[in-house]
file entry.tsv (TSV, N, CA and C atoms)
chain	number	residue	atom	x	y	z
A	28	ASP	N	7.69	21.45	-14.29
A	28	ASP	CA	7.93	20.08	-14.70
A	28	ASP	C	6.61	19.32	-14.71
A	29	ASN	N	6.21	18.82	-15.85
A	29	ASN	CA	4.94	18.12	-15.98
A	29	ASN	C	5.06	16.61	-15.84
A	30	ARG	N	6.25	16.11	-15.55
A	30	ARG	CA	6.43	14.67	-15.40
A	30	ARG	C	5.70	14.17	-14.16
A	31	THR	N	5.22	12.95	-14.23
A	31	THR	CA	4.63	12.30	-13.06
A	31	THR	C	5.67	11.33	-12.51
A	32	LEU	N	5.96	11.48	-11.22
A	32	LEU	CA	6.95	10.63	-10.56
A	32	LEU	C	6.25	9.54	-9.74
A	33	ALA	N	6.97	8.47	-9.46
A	33	ALA	CA	6.45	7.42	-8.57
A	33	ALA	C	6.93	7.72	-7.15
A	34	PRO	N	6.03	7.71	-6.18
A	34	PRO	CA	6.46	7.90	-4.80
A	34	PRO	C	7.12	6.63	-4.26
A	35	MET	N	7.85	6.74	-3.16
A	35	MET	CA	8.39	5.56	-2.48
A	35	MET	C	7.20	4.78	-1.91
A	36	VAL	N	7.14	3.47	-2.19
A	36	VAL	CA	6.08	2.61	-1.69
A	36	VAL	C	6.72	1.51	-0.86
A	37	LEU	N	6.28	1.39	0.40
A	37	LEU	CA	6.73	0.31	1.28
A	37	LEU	C	5.60	-0.69	1.40
A	38	TRP	N	5.94	-1.98	1.47
A	38	TRP	CA	4.89	-2.98	1.64
A	38	TRP	C	5.34	-4.10	2.57
A	39	ALA	N	4.36	-4.69	3.21
A	39	ALA	CA	4.58	-5.85	4.07
A	39	ALA	C	3.32	-6.70	4.01
A	40	GLN	N	3.44	-7.94	4.43
A	40	GLN	CA	2.26	-8.79	4.45
A	40	GLN	C	2.21	-9.63	5.71
A	41	ARG	N	1.01	-9.99	6.06
A	41	ARG	CA	0.70	-10.99	7.07
A	41	ARG	C	-0.14	-12.03	6.33
A	42	LYS	N	-0.52	-13.07	7.03
A	42	LYS	CA	-1.28	-14.15	6.39
A	42	LYS	C	-2.55	-13.63	5.70
A	43	ASP	N	-3.25	-12.68	6.34
A	43	ASP	CA	-4.52	-12.21	5.79
A	43	ASP	C	-4.55	-10.72	5.45
A	44	THR	N	-3.38	-10.06	5.52
A	44	THR	CA	-3.35	-8.60	5.38
A	44	THR	C	-2.13	-8.13	4.60
A	45	LEU	N	-2.30	-7.04	3.86
A	45	LEU	CA	-1.19	-6.32	3.22
A	45	LEU	C	-1.11	-4.94	3.86
A	46	TYR	N	0.10	-4.46	4.06
A	46	TYR	CA	0.33	-3.08	4.47
A	46	TYR	C	1.04	-2.40	3.30
A	47	VAL	N	0.45	-1.33	2.80
A	47	VAL	CA	1.04	-0.57	1.72
A	47	VAL	C	1.15	0.87	2.18
A	48	THR	N	2.37	1.41	2.19
A	48	THR	CA	2.61	2.78	2.65
A	48	THR	C	3.14	3.62	1.50
A	49	ILE	N	2.44	4.72	1.21
A	49	ILE	CA	2.91	5.70	0.24
A	49	ILE	C	3.67	6.74	1.06
A	50	SER	N	4.98	6.79	0.91
A	50	SER	CA	5.83	7.65	1.71
A	50	SER	C	6.05	8.97	0.97
A	51	LEU	N	5.22	9.96	1.31
A	51	LEU	CA	5.22	11.23	0.60
A	51	LEU	C	4.66	12.29	1.55
A	52	PRO	N	5.41	13.37	1.83
A	52	PRO	CA	4.92	14.38	2.78
A	52	PRO	C	3.92	15.35	2.16
A	53	ASP	N	3.03	15.85	3.01
A	53	ASP	CA	2.10	16.94	2.65
A	53	ASP	C	1.40	16.71	1.31
A	54	ILE	N	0.69	15.60	1.20
A	54	ILE	CA	0.01	15.24	-0.05
A	54	ILE	C	-1.23	16.12	-0.23
A	55	LYS	N	-1.35	16.68	-1.42
A	55	LYS	CA	-2.52	17.47	-1.80
A	55	LYS	C	-3.23	16.76	-2.95
A	56	ASP	N	-4.53	17.00	-3.09
A	56	ASP	CA	-5.33	16.41	-4.18
A	56	ASP	C	-5.15	14.90	-4.26
A	57	GLN	N	-5.16	14.26	-3.11
A	57	GLN	CA	-4.94	12.82	-3.02
A	57	GLN	C	-6.11	12.05	-3.64
A	58	GLN	N	-5.79	11.08	-4.48
A	58	GLN	CA	-6.77	10.18	-5.09
A	58	GLN	C	-6.34	8.75	-4.79
A	59	LEU	N	-7.21	7.98	-4.15
A	59	LEU	CA	-6.94	6.58	-3.85
A	59	LEU	C	-8.06	5.74	-4.45
A	60	CYS	N	-7.70	4.62	-5.05
A	60	CYS	CA	-8.71	3.71	-5.58
A	60	CYS	C	-8.25	2.28	-5.33
A	61	LEU	N	-9.09	1.50	-4.66
A	61	LEU	CA	-8.79	0.10	-4.39
A	61	LEU	C	-9.87	-0.76	-5.02
A	62	THR	N	-9.45	-1.68	-5.89
A	62	THR	CA	-10.37	-2.68	-6.45
A	62	THR	C	-9.89	-4.04	-5.96
A	63	GLU	N	-10.57	-5.09	-6.36
A	63	GLU	CA	-10.20	-6.42	-5.85
A	63	GLU	C	-8.82	-6.89	-6.31
A	64	ASP	N	-8.27	-6.27	-7.36
A	64	ASP	CA	-6.95	-6.72	-7.84
A	64	ASP	C	-5.96	-5.58	-8.10
A	65	LYS	N	-6.30	-4.34	-7.69
A	65	LYS	CA	-5.43	-3.22	-8.01
A	65	LYS	C	-5.61	-2.08	-7.01
A	66	PHE	N	-4.51	-1.35	-6.76
A	66	PHE	CA	-4.54	-0.13	-5.96
A	66	PHE	C	-3.88	0.98	-6.76
A	67	THR	N	-4.53	2.13	-6.87
A	67	THR	CA	-3.92	3.27	-7.53
A	67	THR	C	-3.92	4.47	-6.59
A	68	PHE	N	-2.87	5.26	-6.71
A	68	PHE	CA	-2.70	6.48	-5.92
A	68	PHE	C	-2.22	7.58	-6.84
A	69	SER	N	-2.71	8.79	-6.59
A	69	SER	CA	-2.12	9.97	-7.22
A	69	SER	C	-2.28	11.15	-6.28
A	70	GLY	N	-1.39	12.10	-6.41
A	70	GLY	CA	-1.45	13.29	-5.57
A	70	GLY	C	-0.30	14.22	-5.89
A	71	LEU	N	-0.34	15.39	-5.26
A	71	LEU	CA	0.69	16.39	-5.43
A	71	LEU	C	1.46	16.53	-4.13
A	72	SER	N	2.77	16.77	-4.23
A	72	SER	CA	3.60	16.98	-3.05
A	72	SER	C	4.76	17.88	-3.43
A	73	GLY	N	5.23	18.67	-2.46
A	73	GLY	CA	6.39	19.51	-2.68
A	73	GLY	C	6.03	20.92	-3.05
A	74	SER	N	7.07	21.73	-3.20
A	74	SER	CA	6.90	23.13	-3.58
A	74	SER	C	7.99	23.48	-4.60
A	75	PRO	N	7.64	23.78	-5.83
A	75	PRO	CA	6.28	23.80	-6.36
A	75	PRO	C	5.71	22.38	-6.43
A	76	PRO	N	4.37	22.27	-6.48
A	76	PRO	CA	3.75	20.93	-6.46
A	76	PRO	C	4.21	20.05	-7.60
A	77	GLN	N	4.58	18.82	-7.26
A	77	GLN	CA	5.00	17.81	-8.23
A	77	GLN	C	3.96	16.69	-8.22
A	78	LYS	N	3.57	16.21	-9.38
A	78	LYS	CA	2.58	15.13	-9.46
A	78	LYS	C	3.25	13.78	-9.24
A	79	TYR	N	2.61	12.96	-8.38
A	79	TYR	CA	3.06	11.60	-8.11
A	79	TYR	C	1.91	10.65	-8.38
A	80	ALA	N	2.23	9.47	-8.88
A	80	ALA	CA	1.20	8.45	-9.12
A	80	ALA	C	1.85	7.08	-9.12
A	81	VAL	N	1.05	6.09	-8.74
A	81	VAL	CA	1.52	4.71	-8.75
A	81	VAL	C	0.31	3.78	-8.90
A	82	GLU	N	0.54	2.66	-9.56
A	82	GLU	CA	-0.49	1.63	-9.70
A	82	GLU	C	0.12	0.29	-9.30
A	83	LEU	N	-0.55	-0.41	-8.41
A	83	LEU	CA	-0.10	-1.73	-7.96
A	83	LEU	C	-1.11	-2.77	-8.42
A	84	GLU	N	-0.69	-3.66	-9.29
A	84	GLU	CA	-1.55	-4.77	-9.72
A	84	GLU	C	-1.19	-5.97	-8.85
A	85	PHE	N	-2.08	-6.31	-7.92
A	85	PHE	CA	-1.79	-7.33	-6.91
A	85	PHE	C	-1.65	-8.73	-7.50
A	86	GLN	N	-0.88	-9.58	-6.80
A	86	GLN	CA	-0.73	-10.98	-7.19
A	86	GLN	C	-1.98	-11.79	-6.89
A	87	GLY	N	-2.77	-11.33	-5.94
A	87	GLY	CA	-4.01	-12.03	-5.58
A	87	GLY	C	-5.14	-11.03	-5.42
A	88	LYS	N	-6.29	-11.53	-5.03
A	88	LYS	CA	-7.47	-10.68	-4.83
A	88	LYS	C	-7.49	-10.14	-3.40
A	89	VAL	N	-8.08	-8.94	-3.24
A	89	VAL	CA	-8.22	-8.34	-1.92
A	89	VAL	C	-9.68	-8.03	-1.64
A	90	ASN	N	-9.98	-7.81	-0.36
A	90	ASN	CA	-11.32	-7.50	0.09
A	90	ASN	C	-11.41	-5.99	0.32
A	91	THR	N	-12.03	-5.28	-0.59
A	91	THR	CA	-12.10	-3.82	-0.48
A	91	THR	C	-12.97	-3.35	0.68
A	92	GLU	N	-14.00	-4.11	1.03
A	92	GLU	CA	-14.93	-3.71	2.10
A	92	GLU	C	-14.25	-3.62	3.46
A	93	ASP	N	-13.33	-4.54	3.75
A	93	ASP	CA	-12.69	-4.59	5.07
A	93	ASP	C	-11.34	-3.88	5.10
A	94	SER	N	-10.96	-3.23	4.02
A	94	SER	CA	-9.68	-2.54	3.97
A	94	SER	C	-9.83	-1.10	4.48
A	95	ARG	N	-8.73	-0.55	5.00
A	95	ARG	CA	-8.75	0.78	5.60
A	95	ARG	C	-7.54	1.59	5.13
A	96	GLN	N	-7.63	2.91	5.31
A	96	GLN	CA	-6.49	3.77	5.02
A	96	GLN	C	-6.37	4.81	6.11
A	97	LEU	N	-5.14	5.21	6.38
A	97	LEU	CA	-4.83	6.22	7.38
A	97	LEU	C	-3.85	7.20	6.76
A	98	SER	N	-4.22	8.47	6.71
A	98	SER	CA	-3.34	9.50	6.15
A	98	SER	C	-2.76	10.36	7.26
A	99	THR	N	-1.45	10.60	7.19
A	99	THR	CA	-0.79	11.52	8.10
A	99	THR	C	-0.12	12.60	7.24
A	100	ASP	N	0.58	13.52	7.87
A	100	ASP	CA	1.24	14.56	7.07
A	100	ASP	C	2.51	14.06	6.39
A	101	ARG	N	2.90	12.81	6.64
A	101	ARG	CA	4.11	12.25	6.03
A	101	ARG	C	3.87	11.06	5.12
A	102	GLU	N	2.68	10.43	5.24
A	102	GLU	CA	2.45	9.20	4.48
A	102	GLU	C	0.98	8.81	4.46
A	103	VAL	N	0.66	7.89	3.57
A	103	VAL	CA	-0.65	7.24	3.53
A	103	VAL	C	-0.38	5.77	3.79
A	104	VAL	N	-1.03	5.20	4.80
A	104	VAL	CA	-0.84	3.78	5.13
A	104	VAL	C	-2.15	3.05	4.82
A	105	MET	N	-2.04	2.00	4.02
A	105	MET	CA	-3.19	1.18	3.66
A	105	MET	C	-3.11	-0.15	4.41
A	106	LEU	N	-4.21	-0.54	5.02
A	106	LEU	CA	-4.36	-1.87	5.61
A	106	LEU	C	-5.34	-2.58	4.70
A	107	ILE	N	-4.83	-3.49	3.88
A	107	ILE	CA	-5.63	-4.12	2.84
A	107	ILE	C	-5.81	-5.60	3.20
A	108	LYS	N	-7.07	-6.01	3.32
A	108	LYS	CA	-7.37	-7.40	3.66
A	108	LYS	C	-7.33	-8.27	2.40
A	109	LYS	N	-6.64	-9.39	2.50
A	109	LYS	CA	-6.60	-10.34	1.39
A	109	LYS	C	-7.95	-11.06	1.32
A	110	ALA	N	-8.38	-11.39	0.10
A	110	ALA	CA	-9.63	-12.13	-0.09
A	110	ALA	C	-9.49	-13.54	0.46
A	111	GLU	N	-8.30	-14.13	0.30
A	111	GLU	CA	-8.03	-15.46	0.82
A	111	GLU	C	-6.76	-15.41	1.64
A	112	SER	N	-6.80	-16.05	2.81
A	112	SER	CA	-5.66	-16.08	3.70
A	112	SER	C	-4.52	-16.87	3.07
A	113	GLY	N	-3.30	-16.41	3.26
A	113	GLY	CA	-2.13	-17.09	2.72
A	113	GLY	C	-1.08	-16.08	2.30
A	114	PHE	N	0.17	-16.53	2.23
A	114	PHE	CA	1.26	-15.63	1.88
A	114	PHE	C	1.47	-15.59	0.37
A	115	TRP	N	1.68	-14.39	-0.15
A	115	TRP	CA	1.95	-14.18	-1.56
A	115	TRP	C	3.46	-14.20	-1.78
A	116	LYS	N	3.88	-14.58	-2.99
A	116	LYS	CA	5.31	-14.58	-3.33
A	116	LYS	C	5.85	-13.15	-3.47
A	117	GLY	N	4.99	-12.22	-3.74
A	117	GLY	CA	5.34	-10.81	-3.89
A	117	GLY	C	4.07	-9.99	-3.88
A	118	LEU	N	4.20	-8.69	-3.92
A	118	LEU	CA	3.03	-7.82	-3.88
A	118	LEU	C	2.33	-7.75	-5.23
A	119	MET	N	3.11	-7.59	-6.29
A	119	MET	CA	2.52	-7.29	-7.58
A	119	MET	C	2.74	-8.40	-8.59
A	120	VAL	N	1.88	-8.40	-9.62
A	120	VAL	CA	2.07	-9.26	-10.77
A	120	VAL	C	3.40	-8.89	-11.39
A	121	LYS	N	4.21	-9.86	-11.71
A	121	LYS	CA	5.55	-9.59	-12.25
A	121	LYS	C	5.46	-8.97	-13.63
A	122	LYS	N	6.19	-7.89	-13.79
A	122	LYS	CA	6.31	-7.28	-15.12
A	122	LYS	C	7.78	-7.39	-15.50
A	123	ASP	N	8.51	-6.31	-15.55
A	123	ASP	CA	9.93	-6.34	-15.90
A	123	ASP	C	10.80	-6.11	-14.67
A	124	GLY	N	10.80	-7.06	-13.75
A	124	GLY	CA	11.60	-6.91	-12.54
A	124	GLY	C	10.90	-6.04	-11.51
A	125	LYS	N	11.53	-5.88	-10.36
A	125	LYS	CA	10.96	-5.10	-9.27
A	125	LYS	C	11.19	-3.61	-9.52
A	126	PRO	N	10.14	-2.79	-9.39
A	126	PRO	CA	10.33	-1.34	-9.59
A	126	PRO	C	11.25	-0.75	-8.52
A	127	HIS	N	12.02	0.26	-8.89
A	127	HIS	CA	12.96	0.89	-7.96
A	127	HIS	C	12.26	1.57	-6.79
A	128	TRP	N	10.99	1.94	-6.94
A	128	TRP	CA	10.27	2.68	-5.91
A	128	TRP	C	9.57	1.77	-4.90
A	129	LEU	N	9.61	0.46	-5.10
A	129	LEU	CA	8.93	-0.49	-4.20
A	129	LEU	C	9.94	-1.12	-3.25
A	130	LYS	N	9.70	-0.97	-1.95
A	130	LYS	CA	10.61	-1.49	-0.93
A	130	LYS	C	9.83	-2.31	0.09
A	131	THR	N	10.52	-3.22	0.75
A	131	THR	CA	9.92	-4.02	1.82
A	131	THR	C	9.86	-3.19	3.10
A	132	ASP	N	8.72	-3.23	3.77
A	132	ASP	CA	8.54	-2.53	5.05
A	132	ASP	C	8.87	-3.52	6.16
A	133	PHE	N	10.15	-3.56	6.55
A	133	PHE	CA	10.60	-4.54	7.54
A	133	PHE	C	10.01	-4.29	8.92
A	134	ASN	N	9.54	-3.08	9.21
A	134	ASN	CA	8.91	-2.79	10.51
A	134	ASN	C	7.58	-3.52	10.67
A	135	ARG	N	6.92	-3.84	9.56
A	135	ARG	CA	5.61	-4.50	9.63
A	135	ARG	C	5.64	-5.92	9.07
A	136	TRP	N	6.77	-6.34	8.56
A	136	TRP	CA	6.86	-7.64	7.88
A	136	TRP	C	6.72	-8.80	8.86
A	137	LYS	N	6.02	-9.84	8.45
A	137	LYS	CA	5.94	-11.12	9.18
A	137	LYS	C	6.16	-12.23	8.18
A	138	ASP	N	7.02	-13.19	8.53
A	138	ASP	CA	7.20	-14.36	7.69
A	138	ASP	C	6.11	-15.37	8.01
A	139	GLU	N	5.96	-16.35	7.13
A	139	GLU	CA	4.92	-17.37	7.30
A	139	GLU	C	5.02	-18.07	8.65
A	140	ASP	N	6.25	-18.30	9.13
A	140	ASP	CA	6.43	-19.05	10.36
A	140	ASP	C	6.50	-18.16	11.61
A	141	ASP	N	6.33	-16.82	11.45
A	141	ASP	CA	6.31	-15.93	12.62
A	141	ASP	C	4.96	-16.01	13.33
A	142	SER	N	4.99	-15.75	14.62
A	142	SER	CA	3.77	-15.72	15.42
A	142	SER	C	2.97	-14.47	15.08
A	143	ASP	N	1.65	-14.54	15.21
A	143	ASP	CA	0.78	-13.39	14.99
A	143	ASP	C	0.46	-12.67	16.29
A	144	ALA	N	1.20	-12.93	17.33
A	144	ALA	CA	0.90	-12.40	18.67
A	144	ALA	C	0.87	-10.87	18.73
A	145	ASP	N	1.83	-10.21	18.09
A	145	ASP	CA	1.85	-8.75	18.14
A	145	ASP	C	1.30	-8.16	16.84
A	146	GLU	N	0.17	-8.65	16.44
A	146	GLU	CA	-0.45	-8.39	15.15
A	146	GLU	C	-0.97	-6.97	14.93
A	147	ASP	N	-1.53	-6.33	15.94
A	147	ASP	CA	-2.34	-5.14	15.70
A	147	ASP	C	-1.56	-3.89	15.34
A	148	PHE	N	-2.13	-3.16	14.39
A	148	PHE	CA	-1.65	-1.84	13.99
A	148	PHE	C	-2.88	-0.96	14.09
A	149	ASP	N	-2.81	0.15	14.79
A	149	ASP	CA	-4.00	0.93	15.10
A	149	ASP	C	-4.48	1.75	13.91
A	150	PHE	N	-5.64	1.36	13.38
A	150	PHE	CA	-6.30	2.13	12.34
A	150	PHE	C	-7.62	2.66	12.88
A	151	GLY	N	-7.64	3.01	14.16
A	151	GLY	CA	-8.84	3.44	14.84
A	151	GLY	C	-9.70	4.42	14.06
A	152	GLY	N	-9.10	5.46	13.50
A	152	GLY	CA	-9.88	6.46	12.79
A	152	GLY	C	-9.77	6.33	11.29
A	153	GLY	N	-9.24	5.21	10.82
A	153	GLY	CA	-9.02	5.06	9.38
A	153	GLY	C	-10.31	5.03	8.59
A	154	ALA	N	-10.26	5.54	7.39
A	154	ALA	CA	-11.43	5.61	6.53
A	154	ALA	C	-11.66	4.28	5.82
A	155	ASN	N	-12.91	3.91	5.71
A	155	ASN	CA	-13.30	2.72	4.99
A	155	ASN	C	-13.37	3.06	3.50
A	156	PHE	N	-12.89	2.19	2.62
A	156	PHE	CA	-12.88	2.50	1.20
A	156	PHE	C	-14.28	2.66	0.63
A	157	SER	N	-15.28	2.00	1.22
A	157	SER	CA	-16.63	2.15	0.69
A	157	SER	C	-17.18	3.55	0.97
A	158	ASP	N	-16.51	4.32	1.86
A	158	ASP	CA	-16.94	5.69	2.15
A	158	ASP	C	-16.26	6.71	1.26
A	159	MET	N	-15.35	6.28	0.38
A	159	MET	CA	-14.55	7.25	-0.41
A	159	MET	C	-15.19	7.51	-1.74

call {"tool": "encode", "arguments": {"input": "entry.tsv", "output": "structure tokens"}}
result
Amino acid sequence: DNRTLAPMVLWAQRKDTLYVTISLPDIKDQQLCLTEDKFTFSGLSGSPPQKYAVELEFQGKVNTEDSRQLSTDREVVMLIKKAESGFWKGLMVKKDGKPHWLKTDFNRWKDEDDSDADEDFDFGGGANFSDM
């Protein structure tokens, strides 16, 4: 099968941060690209290998220098810093409705009026995008 599928993507936001999780096990040939207004992912998963890819065109600008990624055997988690602090109405520029593969990550979600007290998510060994 030569079709490219979209992986499940979970997202959440804080005032100054986006969390984007590509939920896909055992990713091979992973390609990640983060620019100030877009994130792209591609890779192979499964047996036989199936190609997956996704492109997120953000509603606002992000800071690529301070953003990080953490890969495990089940997912890729992106900690993406917003260029300007503030809550977005959604993750992506609106096209034709919300894609079926994009879901809210309620485990990491914070509303505008929530406290930032339990803010930290450990990206201790995460790779910096400028190193990729």

call {"tool": "residues_around", "arguments": {"input": "entry.tsv", "residues": "Phe133 in chain A", "least_positions_apart": "4", "cutoff": "8 Å", "atoms": "all atoms listed in the file", "output": "VMD selection string"}}
result
chain A and resid 37 to 39 137

call {"tool": "select_by_dssp", "arguments": {"input": "entry.tsv", "residues": "chain A", "states": "strand (DSSP E)", "output": "NGL selection string"}}
result
:A and (31-32 or 35-40 or 44-50 or 55-61 or 65-72 or 77-84 or 89-98 or 102-109 or 129-131 or 154-155)

call {"tool": "residues_around", "arguments": {"input": "entry.tsv", "residues": "Ser50 in chain A", "least_positions_apart": "2", "cutoff": "7 Å", "atoms": "all atoms listed in the file", "output": "number ranges by chain"}}
result
A: 34-37, 48, 52, 101-103

call {"tool": "residues_near_point", "arguments": {"input": "entry.tsv", "point": "(-6.3, -7.9, -7.2)", "cutoff": "6 Å", "atoms": "only N, CA and C atoms", "output": "list in words"}}
result
Thr62, Glu63, Asp64, Lys65, Glu84, Phe85, Gln86, Gly87, Lys88 and Val89 of chain A

call {"tool": "closest_residue", "arguments": {"input": "entry.tsv", "among": "A:Met119, A:Tyr79, A:Asp53, A:Thr131", "to": "Thr99 in chain A", "atoms": "all atoms listed in the file"}}
result
A:Asp53

call {"tool": "atom_distance", "arguments": {"input": "entry.tsv", "atom1": "atom C of His127 in chain A", "atom2": "atom C of Ala110 in chain A"}}
result
27.5 Å

call {"tool": "atom_distance", "arguments": {"input": "entry.tsv", "atom1": "CA of Ile49 in chain A", "atom2": "atom C of Gly124 in chain A"}}
result
18.4 Å

call {"tool": "residues_around", "arguments": {"input": "entry.tsv", "residues": "Phe66 in chain A", "least_positions_apart": "5", "cutoff": "5 Å", "atoms": "only N, CA and C atoms", "output": "list of chain:residue names"}}
result
A:Cys60, A:Leu61, A:Glu82, A:Leu83

call {"tool": "atom_distance", "arguments": {"input": "entry.tsv", "atom1": "CA of Gln40 in chain A", "atom2": "CA of Lys121 in chain A"}}
result
17.0 Å

call {"tool": "residues_around", "arguments": {"input": "entry.tsv", "residues": "range 54-58 of chain A", "least_positions_apart": "3", "cutoff": "7 Å", "atoms": "only N, CA and C atoms", "output": "PyMOL selection string"}}
result
chain A and resi 51+67-73+99-102

call {"tool": "closest_residue", "arguments": {"input": "entry.tsv", "among": "A:Leu106, A:Leu97, A:Gly113, A:Ala80", "to": "Arg135 in chain A", "atoms": "only C-alpha atoms"}}
result
A:Leu106
